[in-house]
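Shown below: my_file22.tsv, with TSV, C-alpha atoms and all ligand atoms.
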chain	number	residue	atom	x	y	z
M	1	MET	CA	191.53	71.89	64.39
M	2	LEU	CA	189.19	68.93	64.25
M	3	LYS	CA	190.81	65.95	62.60
M	4	PHE	CA	188.77	63.64	60.41
M	5	ALA	CA	190.08	60.34	59.10
M	6	ASN	CA	187.96	60.64	55.94
M	7	SER	CA	185.21	62.70	54.35
M	8	GLU	CA	182.51	60.34	55.69
M	9	GLU	CA	183.45	61.25	59.24
M	10	GLU	CA	183.34	64.93	58.41
M	11	LYS	CA	179.94	64.55	56.78
M	12	THR	CA	178.55	62.78	59.83
M	13	PHE	CA	179.91	65.49	62.06
M	14	GLU	CA	178.38	68.26	59.93
M	15	LYS	CA	175.06	66.45	59.80
M	16	VAL	CA	174.93	66.11	63.60
M	17	PHE	CA	175.90	69.72	63.99
M	18	GLN	CA	173.12	70.89	61.63
M	19	VAL	CA	170.45	69.03	63.54
M	20	LEU	CA	171.37	70.35	67.02
M	21	PRO	CA	168.84	73.22	67.16
M	22	ASP	CA	166.05	70.82	66.29
M	23	LEU	CA	167.21	68.18	68.79
M	24	ILE	CA	167.52	70.71	71.60
M	25	LYS	CA	164.08	72.15	70.91
M	26	ASN	CA	162.15	68.97	70.18
M	27	LYS	CA	163.98	66.13	71.93
M	28	CYS	CA	165.77	67.71	74.89
M	29	GLY	CA	162.94	69.84	76.25
M	30	GLY	CA	164.89	72.97	75.33
M	31	TYR	CA	167.83	72.08	77.59
M	32	ASP	CA	170.87	73.73	76.03
M	33	GLU	CA	174.04	73.18	78.05
M	34	LEU	CA	176.92	70.72	77.90
M	35	TYR	CA	179.78	70.92	80.46
M	36	GLY	CA	178.92	74.59	80.99
M	37	TYR	CA	178.74	75.50	77.29
M	38	LYS	CA	175.85	76.52	75.12
M	39	MET	CA	175.19	74.19	72.19
M	40	ASN	CA	172.41	75.82	70.17
M	41	PRO	CA	173.81	78.14	67.47
M	42	GLU	CA	170.34	79.36	66.55
M	43	ASP	CA	169.24	80.76	69.88
M	44	LYS	CA	167.38	84.01	69.27
M	45	ASP	CA	167.16	85.03	72.93
M	46	GLU	CA	169.10	88.27	73.49
M	47	ASN	CA	170.02	87.23	77.05
M	48	THR	CA	171.59	83.93	76.15
M	49	LYS	CA	172.80	83.93	72.55
M	50	LYS	CA	175.95	85.89	73.50
M	51	PHE	CA	177.18	82.84	75.43
M	52	TYR	CA	177.49	80.70	72.31
M	53	ASP	CA	181.00	79.81	71.22
M	54	GLU	CA	181.07	77.79	68.00
M	55	VAL	CA	184.60	76.44	68.37
M	56	THR	CA	183.86	74.91	71.76
M	57	ALA	CA	180.44	73.61	70.73
M	58	LYS	CA	182.03	71.92	67.71
M	59	ALA	CA	184.81	70.43	69.82
M	60	LEU	CA	182.22	68.87	72.13
M	61	ILE	CA	180.14	67.45	69.30
M	62	TYR	CA	183.33	66.06	67.76
M	63	LYS	CA	183.92	64.12	71.00
M	64	LEU	CA	180.45	62.61	70.84
M	65	CYS	CA	180.97	61.60	67.21
M	66	LYS	CA	184.27	60.01	68.17
M	67	ALA	CA	182.63	58.08	71.00
M	68	THR	CA	180.27	56.41	68.53
M	69	ASN	CA	182.84	55.98	65.77
M	70	PHE	CA	181.06	58.64	63.76
M	71	ASN	CA	177.76	56.79	63.64
M	72	TYR	CA	175.15	59.49	62.96
M	73	GLN	CA	172.17	57.92	64.71
M	74	GLU	CA	174.14	56.80	67.75
M	75	THR	CA	175.67	60.26	68.13
M	76	VAL	CA	172.30	61.94	67.96
M	77	ASP	CA	170.81	59.47	70.47
M	78	ARG	CA	173.77	59.93	72.78
M	79	PHE	CA	173.47	63.71	72.62
M	80	VAL	CA	169.78	63.56	73.52
M	81	GLU	CA	170.42	61.12	76.40
M	82	ILE	CA	173.18	63.32	77.81
M	83	MET	CA	171.14	66.51	77.58
M	84	LYS	CA	168.11	64.86	79.19
M	85	TRP	CA	170.22	63.50	81.99
M	86	ARG	CA	171.85	66.91	82.56
M	87	SER	CA	168.50	68.64	82.67
M	88	LYS	CA	167.34	66.21	85.37
M	89	PHE	CA	170.50	65.74	87.41
M	90	ASN	CA	171.74	69.33	87.20
M	91	PRO	CA	175.47	68.62	87.40
M	92	LEU	CA	176.29	72.35	87.37
M	93	SER	CA	174.45	72.70	90.65
M	94	ALA	CA	176.35	69.70	92.08
M	95	ALA	CA	179.61	71.37	91.03
M	96	PHE	CA	179.11	75.01	91.88
M	97	LEU	CA	176.13	75.48	94.16
M	98	GLU	CA	175.55	72.55	96.49
M	99	SER	CA	177.66	71.96	99.54
M	100	HIS	CA	179.07	68.50	100.07
M	101	ASN	CA	180.22	66.57	103.10
M	102	LYS	CA	183.62	67.84	104.23
M	103	GLU	CA	184.98	64.32	104.58
M	104	LEU	CA	184.25	63.75	100.91
M	105	LYS	CA	185.61	67.11	99.84
M	106	ASP	CA	188.87	66.38	101.64
M	107	VAL	CA	189.55	63.32	99.49
M	108	GLY	CA	188.81	64.93	96.13
M	109	ILE	CA	191.65	67.02	94.73
M	110	LEU	CA	192.05	68.79	91.39
M	111	THR	CA	195.48	69.64	90.06
M	112	SER	CA	196.59	71.53	87.01
M	113	TYR	CA	200.06	70.96	85.52
M	114	PRO	CA	200.59	73.34	82.58
M	115	THR	CA	203.93	71.81	81.57
M	116	GLU	CA	202.88	68.16	81.83
M	117	GLU	CA	202.46	65.99	78.71
M	118	SER	CA	199.28	66.28	76.63
M	119	ASN	CA	196.08	65.33	78.39
M	120	LYS	CA	197.80	64.80	81.74
M	121	LYS	CA	197.69	68.48	82.60
M	122	VAL	CA	194.39	68.27	84.47
M	123	VAL	CA	194.21	65.55	87.08
M	124	THR	CA	191.38	64.52	89.39
M	125	TRP	CA	192.55	62.71	92.51
M	126	ASN	CA	190.27	60.51	94.60
M	127	LEU	CA	191.93	59.48	97.83
M	128	TYR	CA	189.36	56.74	98.35
M	129	GLY	CA	191.64	54.69	100.57
M	130	GLN	CA	190.98	57.23	103.32
M	131	LEU	CA	187.29	56.40	103.24
M	132	VAL	CA	187.61	52.71	103.91
M	133	LYS	CA	186.45	53.08	107.53
M	134	LYS	CA	183.95	55.86	106.77
M	135	LYS	CA	181.15	53.67	105.58
M	136	HIS	CA	178.50	56.27	106.48
M	137	LEU	CA	179.61	58.35	103.47
M	138	PHE	CA	178.35	55.67	101.08
M	139	LYS	CA	174.98	55.01	102.80
M	140	ASP	CA	173.21	57.70	100.81
M	141	ALA	CA	174.26	56.89	97.25
M	142	ASP	CA	172.66	60.04	95.82
M	143	LYS	CA	174.68	62.28	98.08
M	144	PHE	CA	177.91	60.52	97.20
M	145	ILE	CA	177.13	60.62	93.50
M	146	ARG	CA	176.29	64.34	93.57
M	147	TYR	CA	179.64	64.98	95.25
M	148	ARG	CA	181.55	62.87	92.72
M	149	ILE	CA	179.81	64.33	89.67
M	150	GLY	CA	180.36	67.81	91.11
M	151	LEU	CA	184.09	67.08	91.27
M	152	MET	CA	184.03	65.72	87.71
M	153	GLU	CA	182.39	68.90	86.41
M	154	ARG	CA	184.84	71.10	88.27
M	155	GLY	CA	187.67	69.12	86.72
M	156	LEU	CA	186.17	69.56	83.25
M	157	ARG	CA	186.23	73.29	83.84
M	158	LEU	CA	190.04	73.15	83.92
M	159	LEU	CA	190.17	71.58	80.45
M	160	ASN	CA	190.34	73.58	77.28
M	161	PHE	CA	188.16	71.76	74.79
M	162	THR	CA	189.55	73.73	71.89
M	163	ASP	CA	193.11	72.60	72.59
M	164	ASP	CA	193.85	69.03	71.56
M	165	THR	CA	196.77	68.82	73.99
M	166	ASN	CA	194.46	69.50	76.92
M	167	CYS	CA	190.94	68.29	76.17
M	168	PHE	CA	191.14	65.02	78.14
M	169	MET	CA	191.70	64.54	81.85
M	170	THR	CA	193.69	62.07	83.87
M	171	GLN	CA	192.38	60.57	87.10
M	172	VAL	CA	194.10	58.95	90.05
M	173	HIS	CA	192.54	56.72	92.70
M	174	ASP	CA	194.77	56.43	95.73
M	175	TYR	CA	193.81	53.36	97.74
M	176	LYS	CA	196.37	53.85	100.48
M	177	GLY	CA	194.94	52.47	103.69
M	178	VAL	CA	192.74	49.83	102.08
M	179	SER	CA	193.49	46.38	103.39
M	180	VAL	CA	190.17	44.78	104.20
M	181	LEU	CA	189.25	41.80	102.16
M	182	ARG	CA	185.59	42.65	101.88
M	183	MET	CA	184.06	45.18	99.54
M	184	ASP	CA	181.29	46.92	101.45
M	185	SER	CA	177.94	46.67	99.61
M	186	ASP	CA	177.23	50.42	99.90
M	187	ILE	CA	180.63	51.23	98.42
M	188	LYS	CA	179.98	48.76	95.64
M	189	LYS	CA	176.61	50.33	94.87
M	190	CYS	CA	178.04	53.87	94.69
M	191	THR	CA	180.98	52.68	92.61
M	192	LYS	CA	178.73	50.91	90.13
M	193	GLN	CA	176.48	53.92	89.69
M	194	VAL	CA	179.32	56.41	89.26
M	195	ILE	CA	180.98	54.17	86.67
M	196	ALA	CA	177.70	53.91	84.74
M	197	ILE	CA	177.19	57.70	84.78
M	198	PHE	CA	180.74	58.35	83.56
M	199	GLN	CA	180.34	55.84	80.75
M	200	GLN	CA	176.97	57.08	79.56
M	201	TYR	CA	177.22	60.80	80.04
M	202	TYR	CA	180.91	61.72	79.98
M	203	PRO	CA	182.35	60.04	76.86
M	204	GLU	CA	185.78	60.84	75.40
M	205	LEU	CA	186.99	62.86	78.38
M	206	LEU	CA	189.27	60.41	80.18
M	207	PHE	CA	192.85	60.02	79.01
M	208	ALA	CA	194.28	57.72	81.68
M	209	LYS	CA	193.26	56.45	85.09
M	210	PHE	CA	195.80	55.31	87.68
M	211	PHE	CA	194.89	53.07	90.61
M	212	ILE	CA	197.71	53.36	93.08
M	213	ASN	CA	198.66	51.79	96.39
M	214	VAL	CA	196.57	48.76	95.54
M	215	PRO	CA	197.75	45.85	97.68
M	216	THR	CA	198.35	42.71	95.62
M	217	LEU	CA	195.85	40.96	97.87
M	218	LEU	CA	193.15	43.26	96.58
M	219	SER	CA	193.62	42.60	92.88
M	220	TRP	CA	190.34	40.71	93.02
M	221	VAL	CA	188.53	44.02	93.64
M	222	TYR	CA	189.96	45.23	90.36
M	223	ASP	CA	188.55	42.17	88.62
M	224	LEU	CA	185.20	42.72	90.28
M	225	VAL	CA	184.92	46.41	89.37
M	226	ARG	CA	186.24	45.76	85.87
M	227	ALA	CA	183.04	43.88	85.10
M	228	PHE	CA	181.15	47.21	85.08
M	229	VAL	CA	183.60	48.97	82.78
M	230	ASP	CA	183.63	48.95	78.97
M	231	LYS	CA	186.64	47.65	77.00
M	232	GLU	CA	187.79	51.00	75.61
M	233	THR	CA	187.86	52.57	79.08
M	234	MET	CA	189.73	49.57	80.49
M	235	LYS	CA	192.61	50.25	78.10
M	236	LYS	CA	193.20	53.54	79.91
M	237	PHE	CA	193.67	51.93	83.34
M	238	VAL	CA	197.03	51.45	85.04
M	239	VAL	CA	197.31	49.69	88.41
M	240	LEU	CA	200.35	50.39	90.59
M	241	ASN	CA	201.00	48.64	93.87
M	242	ASP	CA	203.61	51.20	94.79
M	243	GLY	CA	202.18	54.74	94.81
M	244	SER	CA	205.64	56.35	94.75
M	245	LYS	CA	206.03	55.10	91.16
M	246	LEU	CA	203.26	57.39	89.94
M	247	GLY	CA	205.85	60.08	89.14
M	248	THR	CA	207.15	57.89	86.31
M	249	TYR	CA	203.84	58.37	84.56
M	250	LEU	CA	202.83	61.81	85.85
M	251	SER	CA	206.06	63.72	86.29
M	252	SER	CA	204.60	66.99	87.65
M	253	CYS	CA	202.95	65.43	90.72
M	254	PRO	CA	204.31	65.88	94.29
M	255	LYS	CA	207.55	64.07	95.08
M	256	ASP	CA	206.23	63.08	98.46
M	257	PRO	CA	204.53	60.61	98.40
M	258	TYR	CA	204.04	60.11	94.65
M	259	GLY	CA	207.57	60.31	93.27
M	260	GLY	CA	207.01	63.29	90.96
M	261	LYS	CA	209.09	66.43	90.42
M	262	ASP	CA	207.18	68.84	92.65
M	263	VAL	CA	209.31	69.11	95.78
M	264	ASN	CA	207.59	72.27	97.04
M	265	ASN	CA	204.00	71.19	97.43
M	266	SER	CA	202.01	68.40	98.94
M	267	LEU	CA	199.02	67.19	96.93
M	268	GLN	CA	196.77	69.33	99.14
M	269	GLY	CA	199.06	72.27	98.43
M	270	GLU	CA	198.62	71.75	94.69
M	271	ASN	CA	194.82	71.58	94.93
M	272	VAL	CA	193.03	74.04	92.65
M	273	ALA	CA	190.28	75.00	95.06
M	274	ASP	CA	188.84	78.00	93.28
M	275	VAL	CA	187.18	76.67	90.15
M	276	ARG	CA	184.70	79.07	88.60
M	277	PRO	CA	181.77	78.05	86.42
M	278	THR	CA	181.67	79.29	82.82
M	279	GLU	CA	179.83	82.60	82.32
M	280	TYR	CA	176.97	80.68	80.78
M	281	ALA	CA	176.79	78.16	83.65
M	282	LEU	CA	176.75	81.04	86.09
M	283	PHE	CA	173.90	82.63	84.17
M	284	LEU	CA	171.94	79.34	84.18
M	285	LEU	CA	172.49	78.69	87.87
M	286	GLU	CA	171.52	82.23	88.78
M	287	SER	CA	168.36	82.13	86.72
M	288	GLN	CA	167.36	78.65	87.95
M	289	ASN	CA	167.78	79.71	91.54
M	290	ASN	CA	166.87	83.35	91.30
M	291	ILE	CA	170.02	84.35	93.14
M	292	ASP	CA	173.32	86.09	92.58
M	293	ILE	CA	176.36	83.86	93.00
M	294	GLU	CA	179.46	85.51	94.41
M	301	LIG	C1	185.93	52.95	90.60
M	301	LIG	C2	185.58	53.72	95.35
M	301	LIG	C3	188.58	49.98	96.20
M	301	LIG	C4	189.36	49.63	91.45
M	301	LIG	C5	185.55	53.45	91.82
M	301	LIG	C6	184.56	54.49	92.00
M	301	LIG	C7	184.46	54.70	93.33
M	301	LIG	C8	185.40	53.81	94.00
M	301	LIG	C9	183.52	55.67	94.03
M	301	LIG	C10	183.75	55.18	90.89
M	301	LIG	C11	184.61	55.94	89.90
M	301	LIG	C12	185.22	57.21	90.42
M	301	LIG	O1	184.81	57.73	91.48
M	301	LIG	O2	186.13	57.74	89.74
M	301	LIG	C13	186.34	52.76	96.01
M	301	LIG	C14	186.49	52.63	97.45
M	301	LIG	C15	187.30	51.56	97.69
M	301	LIG	C16	187.69	51.02	96.39
M	301	LIG	C17	185.82	53.56	98.45
M	301	LIG	C18	187.78	50.99	99.00
M	301	LIG	C19	187.88	51.72	100.08
M	301	LIG	C20	189.12	49.60	95.00
M	301	LIG	C21	190.22	48.69	94.82
M	301	LIG	C22	190.44	48.59	93.50
M	301	LIG	C23	189.48	49.45	92.81
M	301	LIG	C24	191.00	48.00	95.94
M	301	LIG	C25	191.50	47.75	92.86
M	301	LIG	C26	192.31	48.24	91.94
M	301	LIG	C27	188.44	50.43	90.82
M	301	LIG	C28	188.21	50.47	89.38
M	301	LIG	C29	187.21	51.42	89.14
M	301	LIG	C30	186.85	51.96	90.44
M	301	LIG	C31	188.95	49.63	88.34
M	301	LIG	C32	186.60	51.81	87.78
M	301	LIG	C33	187.01	53.21	87.42
M	301	LIG	C34	186.25	53.88	86.32
M	301	LIG	O3	185.48	53.25	85.58
M	301	LIG	O4	186.43	55.11	86.16
M	301	LIG	N1	186.05	53.07	93.04
M	301	LIG	N2	187.10	51.78	95.40
M	301	LIG	N3	188.69	50.05	93.76
M	301	LIG	N4	187.61	51.35	91.41
M	301	LIG	FE1	187.45	51.62	93.39
Before we go any further, please render this structure as structure tokens.
Amino acid sequence: MLKFANSEEEKTFEKVFQVLPDLIKNKCGGYDELYGYKMNPEDKDENTKKFYDEVTAKALIYKLCKATNFNYQETVDRFVEIMKWRSKFNPLSAAFLESHNKELKDVGILTSYPTEESNKKVVTWNLYGQLVKKKHLFKDADKFIRYRIGLMERGLRLLNFTDDTNCFMTQVHDYKGVSVLRMDSDIKKCTKQVIAIFQQYYPELLFAKFFINVPTLLSWVYDLVRAFVDKETMKKFVVLNDGSKLGTYLSSCPKDPYGGKDVNNSLQGENVADVRPTEYALFLLESQNNIDIE
């Protein structure tokens, strides 16, 4: 159930929803996909209209309205920006079709904890500390960004947008191994760009973000990176020097080394490796590439 604080909010939401077919056709170059879901309720095409699910489409539009405090024009503009960006960047391809550097793949983990508290059930882990000496991975910013956005999209696939206990994700950055007092300029560039993409094109999806194993000496990096992040997002950040305290906040995570309740699995053991695209995303990827995906 979508919750509105007052009838004005509901009106704005309905108004945005009404105008979607027109926006998609006339402002988004016909691009009709958000996080793997179809958004146009008035599609007449027999091949694609079956993919439309109104409850999910409404849940996604609700998020955009929320991100702009139910400002009609800002929501509409944001929707158009996001759709245009998706049509150009093709995040579904980054998530489900392209292959990424193994060294990057090894440090990106997705976990799913069905019994965890609301909005901490789906967690993206970035073990960035392990990359501190692998500067080559940040030389080509596009490649890094495609990997990171691919991981984001795969994580979103584990969310259920129609369930308000599980429509946000939690993220963890593990900086174990980082001790240098310099922030490499390539790393900084990639970081800045990824942060900007998340802020512009992935609103209202993050519940909490933990930065763990951050040596006190490196608190200045936090201050530096913070400058790129908006205030609302900042409120979701938690920095922990001691990574084994993470279990206090995220009880389902592995006991070793994060202090959670899972004594049977390592983080790698918990990794959800097989993430499938939505039926609609699969259809889009297959038609764009003229191939069958296994
Ligand atoms: C964001 C990498 C060190 C704090 C990011 C991002 C990357 C990254 C790629 C983009 C967001 C994402 O991928 O989720 C690295 C690497 C580091 C490093 C490779 C060193 C090896 C640090 C340190 C801190 C820090 C020491 C201190 C706490 C942050 C913050 C963000 C961020 C606050 C913003 C997160 C967001 O807006 O989602 N980092 N980082 N980073 N990093 Fe780091």
field: Pick from M:Asn290, M:Ser185, M:Ala59, M:Cys28, whichever lies nearest to Lys135 (chain M) using all atoms listed in the file
entry: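 Result for the nearest residue to Lys135 (chain M): M:Ser185.
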query: Near Thr248 (chain M), within 8 Å and counting only C-alpha atoms, which residues show up once chain neighbours fewer than 3 positions away are dropped, as a list in words?
result: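 Contacts, in chain order: Lys245, Ser251, Gly259 and Gly260 of chain M.
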Select the residues contacting ligand LIG 301 (chain M) at a distance of at most 6 Å, based on all atoms listed in the file, then format the selection as a short mmCIF file (atom, residue, chain, number, x, y, z; two decimals) with C-alpha atoms, in the frame of the given file.
data_model
loop_
_atom_site.label_atom_id
_atom_site.label_comp_id
_atom_site.auth_asym_id
_atom_site.auth_seq_id
_atom_site.Cartn_x
_atom_site.Cartn_y
_atom_site.Cartn_z
CA TYR M 128 189.36 56.74 98.35
CA GLY M 129 191.64 54.69 100.57
CA LEU M 131 187.29 56.40 103.24
CA VAL M 132 187.61 52.71 103.91
CA VAL M 178 192.74 49.83 102.08
CA ILE M 187 180.63 51.23 98.42
CA CYS M 190 178.04 53.87 94.69
CA THR M 191 180.98 52.68 92.61
CA VAL M 194 179.32 56.41 89.26
CA ILE M 195 180.98 54.17 86.67
CA PHE M 211 194.89 53.07 90.61
CA VAL M 214 196.57 48.76 95.54
CA LEU M 218 193.15 43.26 96.58
CA SER M 219 193.62 42.60 92.88
CA VAL M 221 188.53 44.02 93.64
CA TYR M 222 189.96 45.23 90.36
CA VAL M 225 184.92 46.41 89.37
CA ARG M 226 186.24 45.76 85.87
CA VAL M 229 183.60 48.97 82.78
#
Each residue of region 102-188 of chain M lying at most 9 Å from region 271-282 of chain M should get a row with its shortest atom-to-atom pair and the distance in Å to one decimal, counting all atoms listed in the file; could you produce that, ordered by chain and increasing number, as a Markdown table?
| residue | atom | partner | partner_atom | distance |
| --- | --- | --- | --- | --- |
| M:Ile109 | CA | M:Asn271 | CA | 5.6 |
| M:Leu110 | CA | M:Asn271 | CA | 5.3 |
| M:Thr111 | CA | M:Asn271 | CA | 5.3 |
| M:Ser112 | CA | M:Val272 | CA | 7.1 |
| M:Arg154 | CA | M:Val275 | CA | 6.3 |
| M:Gly155 | CA | M:Val275 | CA | 8.3 |
| M:Arg157 | CA | M:Pro277 | CA | 7.0 |
| M:Leu158 | CA | M:Val275 | CA | 7.7 |
message: Residues within 10 Å of region 163-177 of chain M, please, as number ranges by chain. Count only C-alpha atoms; anything in the same chain fewer than 6 positions from it doesn't count.
response: M: 1-3, 56, 59-60, 63, 107-112, 114, 116-133, 152, 155-156, 204-215, 236-243, 246, 250
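From CA of Tyr31 (chain M) back to CA of Ile82 (chain M), the distance works out to 10.3 Å.
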task: Tell me, as a list of chain:residue names, which residues lie within 12 Å of Ala67 (chain M), counting all atoms listed in the file; anything in the same chain fewer than 5 positions away does not count.
output: M:Phe13, M:Leu60, M:Ile61, M:Tyr62, M:Tyr72, M:Glu74, M:Thr75, M:Val76, M:Asp77, M:Arg78, M:Phe79, M:Gln199, M:Gln200, M:Tyr201, M:Tyr202, M:Pro203, M:Glu204, M:Leu205, M:Leu206, M:Glu232, M:Thr233
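The interatomic distance for the pair CA of Thr12 (chain M) and CA of Phe70 (chain M) works out to 6.2 Å.
The closest residue to Asp262 (chain M), picked from M:Gln18, M:Asn40, M:Ser99, M:Thr115 and counting all atoms listed in the file, is M:Thr115.
Our summary of the geometry notes that CA of Asn160 (chain M) is positioned 17.6 Å from CA of Ala95 (chain M).
With distances taken over all atoms listed in the file, M:Leu104 is the one residue among M:Leu151, M:Leu267, M:Ala5, M:Leu104 lying closest to Leu137 (chain M).
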